[in-house]
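Colleague: Before we start, here is the structure in question, set down as structure tokens.
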Amino acid sequence: MRILSPFPLLENSLFSITFFQKLIISSLFPETETLPEVETEEQDELLRPWKVLVVNDPVNLMSYVVMVFRKVFGYDETQATHHMKEVHELGRSVLWIGEREQAEGYVYQLHRWRLQASLEKDD
Amino acid sequence: MIEFELQVSPSFLEALLPFLGKVFRETSGRFAEERFAPPDSGDEDLDAAWREGLIEDGRADRLAFSRLLGNPKLAQGQVEIPVDDVDDALRGMTELRIHLREHGLNSVSDEDLENGRIRIENLPQNVRVAYFGYILLAEIQEGLIREIS
């Protein structure tokens, strides 16, 4: 945890301030409070873009896959067919990129339609 | 209500529908939950909600499909299904097709199945029945998708 002290001289002095002192300082100066690193990392993870991927399977009909893409993502026939062909010819397609929570919702819906879908970080 | 006629002979249906009913009863009601794991989130609540959701939704899919399969008109080649049941029944059929692919048709390659390059006469009887069931379900799915489009 990094606390921005209002007493930089004290921080830089030979007398290091204790955790207790830091607690007092932070309660006296609420603006100095920061989120624990773990929490901010989690928030970063949630906010960074995630990809919704669908991989090819030998069972589902092309018309079925197009229909599912239209229903789940609201794509028009052309867009949905483009993604279906990508899945069919390249083995996978990125259907959507965005925040993790929404991406999870899409993956759930695709699983509900029994399509092989997963999440991947968008690096 | 959606209604359409299958281009399949009644004798074919007479043989296949009991087979599909039997296979359907053998499949697990937890098919989707067992197969589609939630994304790795480290959130136990999310994982549990995901799995329970798939079980609950899967139940509705199976019910809709069993209503379709149990409709006596189907044996005459007539598909008759309420509009509200279509999505669920489509998913139920997909589940059964995946099951057939992995069990009755596991000796057939993906490529042959996808391209339809299968020499029926060379298939053992049980694989042949599974293949026809697989094709019949696809036929019904195609018809339903065409109707709702």
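Residue numbering restarts at 1 in every chain; chains get A, B, ... in the order shown in the structure tokens, and ligands count up from 1 in that same order.
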Skipping near chain neighbours, those fewer than 3 positions away, what residues fall within 12 Å of Gly116 in chain B using only C-alpha atoms, listed as a PyMOL selection string?
Modeller: (chain A and resi 58-59) or (chain B and resi 108-113+119-120+131-132+134-135)
Colleague: For the residues selected in the previous step, produce a file with N, CA and C atoms as a PDB file, in the first residue's frame.
Modeller:
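again-v7.pdb written:
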```pdb
ATOM      1  N   PRO A  58     -17.774 -29.407 -35.229  1.00  0.00           N
ATOM      2  CA  PRO A  58     -18.222 -30.107 -36.436  1.00  0.00           C
ATOM      3  C   PRO A  58     -19.722 -30.379 -36.457  1.00  0.00           C
ATOM      4  N   VAL A  59     -20.428 -29.998 -35.412  1.00  0.00           N
ATOM      5  CA  VAL A  59     -21.830 -30.392 -35.284  1.00  0.00           C
ATOM      6  C   VAL A  59     -22.804 -29.322 -35.765  1.00  0.00           C
TER       7      VAL A  59
ATOM      8  N   VAL B 108     -16.891 -41.913 -37.037  1.00  0.00           N
ATOM      9  CA  VAL B 108     -16.895 -41.144 -38.294  1.00  0.00           C
ATOM     10  C   VAL B 108     -16.061 -39.881 -38.110  1.00  0.00           C
ATOM     11  N   SER B 109     -15.254 -39.546 -39.110  1.00  0.00           N
ATOM     12  CA  SER B 109     -14.395 -38.359 -38.972  1.00  0.00           C
ATOM     13  C   SER B 109     -15.220 -37.070 -39.113  1.00  0.00           C
ATOM     14  N   ASP B 110     -14.708 -36.012 -38.496  1.00  0.00           N
ATOM     15  CA  ASP B 110     -15.375 -34.703 -38.584  1.00  0.00           C
ATOM     16  C   ASP B 110     -15.542 -34.282 -40.038  1.00  0.00           C
ATOM     17  N   GLU B 111     -14.467 -34.500 -40.797  1.00  0.00           N
ATOM     18  CA  GLU B 111     -14.453 -34.066 -42.195  1.00  0.00           C
ATOM     19  C   GLU B 111     -15.560 -34.761 -42.994  1.00  0.00           C
ATOM     20  N   ASP B 112     -15.652 -36.073 -42.836  1.00  0.00           N
ATOM     21  CA  ASP B 112     -16.674 -36.829 -43.571  1.00  0.00           C
ATOM     22  C   ASP B 112     -18.082 -36.405 -43.163  1.00  0.00           C
ATOM     23  N   LEU B 113     -18.228 -36.175 -41.875  1.00  0.00           N
ATOM     24  CA  LEU B 113     -19.546 -35.788 -41.374  1.00  0.00           C
ATOM     25  C   LEU B 113     -19.941 -34.412 -41.896  1.00  0.00           C
ATOM     26  N   ARG B 119     -20.285 -43.189 -46.860  1.00  0.00           N
ATOM     27  CA  ARG B 119     -20.877 -44.310 -47.597  1.00  0.00           C
ATOM     28  C   ARG B 119     -21.757 -45.080 -46.620  1.00  0.00           C
ATOM     29  N   ILE B 120     -23.035 -44.767 -46.718  1.00  0.00           N
ATOM     30  CA  ILE B 120     -24.000 -45.329 -45.766  1.00  0.00           C
ATOM     31  C   ILE B 120     -23.915 -46.854 -45.719  1.00  0.00           C
ATOM     32  N   TYR B 131     -26.611 -41.942 -37.598  1.00  0.00           N
ATOM     33  CA  TYR B 131     -26.379 -40.954 -38.659  1.00  0.00           C
ATOM     34  C   TYR B 131     -27.709 -40.405 -39.194  1.00  0.00           C
ATOM     35  N   PHE B 132     -28.660 -41.294 -39.421  1.00  0.00           N
ATOM     36  CA  PHE B 132     -29.954 -40.832 -39.921  1.00  0.00           C
ATOM     37  C   PHE B 132     -30.663 -39.941 -38.883  1.00  0.00           C
ATOM     38  N   TYR B 134     -29.168 -38.092 -36.711  1.00  0.00           N
ATOM     39  CA  TYR B 134     -28.397 -36.841 -36.730  1.00  0.00           C
ATOM     40  C   TYR B 134     -28.859 -35.947 -37.890  1.00  0.00           C
ATOM     41  N   ILE B 135     -29.066 -36.578 -39.043  1.00  0.00           N
ATOM     42  CA  ILE B 135     -29.511 -35.841 -40.236  1.00  0.00           C
ATOM     43  C   ILE B 135     -30.952 -35.352 -40.082  1.00  0.00           C
TER      44      ILE B 135
END
```
Colleague: Show me, as a PyMOL selection string, the residues of chain A whose atoms get within 8 Å of chain B, using only C-alpha atoms for the distance check.
Modeller: chain A and resi 58-61+63-64+67+104+108+111-114+116+118-119
Colleague: If you run DSSP on the backbone, which residues of range 51-100 of chain B are strand (DSSP E), as a PyMOL selection string?
Modeller: chain B and resi 78-81
Colleague: Record the distance separating CA of Ala75 in chain B and CA of Ile118 in chain B, expressed in Å with one decimal.
Modeller: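 About the pair CA of Ala75 in chain B and CA of Ile118 in chain B: they are 25.9 Å apart.
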Colleague: Measuring between only C-alpha atoms, which one of B:Asp84, B:His103, B:Gly29, B:Val79 shows the shortest distance to Arg62 in chain B?
Modeller: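 Nearest to Arg62 in chain B: B:Gly29.
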Colleague: Just want the 9 Å neighbourhood of Arg48 in chain A, counted on only C-alpha atoms, with same-chain residues fewer than 6 positions away dropped. Output as a PDB file with N, CA and C atoms, in the first residue's frame.
Modeller:
```pdb
ATOM      1  N   GLY A  98     -14.622  -6.020 -25.449  1.00  0.00           N
ATOM      2  CA  GLY A  98     -15.107  -4.994 -24.521  1.00  0.00           C
ATOM      3  C   GLY A  98     -14.909  -5.409 -23.088  1.00  0.00           C
ATOM      4  N   GLU A  99     -15.649  -4.783 -22.202  1.00  0.00           N
ATOM      5  CA  GLU A  99     -15.479  -5.027 -20.768  1.00  0.00           C
ATOM      6  C   GLU A  99     -15.836  -6.458 -20.385  1.00  0.00           C
ATOM      7  N   ARG A 100     -15.115  -6.920 -19.364  1.00  0.00           N
ATOM      8  CA  ARG A 100     -15.226  -8.330 -18.988  1.00  0.00           C
ATOM      9  C   ARG A 100     -16.654  -8.751 -18.614  1.00  0.00           C
ATOM     10  N   LYS A 121      -8.013 -12.312 -22.940  1.00  0.00           N
ATOM     11  CA  LYS A 121      -7.600 -10.913 -22.796  1.00  0.00           C
ATOM     12  C   LYS A 121      -7.224 -10.354 -24.154  1.00  0.00           C
ATOM     13  N   ASP A 122      -7.592  -9.113 -24.385  1.00  0.00           N
ATOM     14  CA  ASP A 122      -7.240  -8.481 -25.654  1.00  0.00           C
ATOM     15  C   ASP A 122      -5.912  -7.756 -25.476  1.00  0.00           C
TER      16      ASP A 122
END
```
Colleague: Within 8 Å of Val72 in chain A, counting only C-alpha atoms, which residues show up once you throw out same-chain ones fewer than 6 positions away? Write them as a list in words, please.
Modeller: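 Once the adjacent positions are removed, what remains is Tyr106, Gln109 and Leu110 of chain A.
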Colleague: Produce a file of the selected residues containing N, CA and C atoms, as a PDB file, in the first residue's frame.
Modeller:
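Resulting contents of part-v2.pdb:
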```pdb
ATOM      1  N   TYR A 106     -22.053 -12.473 -22.767  1.00  0.00           N
ATOM      2  CA  TYR A 106     -22.119 -13.029 -24.121  1.00  0.00           C
ATOM      3  C   TYR A 106     -21.686 -14.499 -24.138  1.00  0.00           C
ATOM      4  N   GLN A 109     -24.423 -16.683 -22.900  1.00  0.00           N
ATOM      5  CA  GLN A 109     -25.498 -16.895 -23.898  1.00  0.00           C
ATOM      6  C   GLN A 109     -25.055 -17.874 -24.981  1.00  0.00           C
ATOM      7  N   LEU A 110     -23.797 -17.762 -25.399  1.00  0.00           N
ATOM      8  CA  LEU A 110     -23.291 -18.681 -26.430  1.00  0.00           C
ATOM      9  C   LEU A 110     -23.246 -20.114 -25.892  1.00  0.00           C
TER      10      LEU A 110
END
```
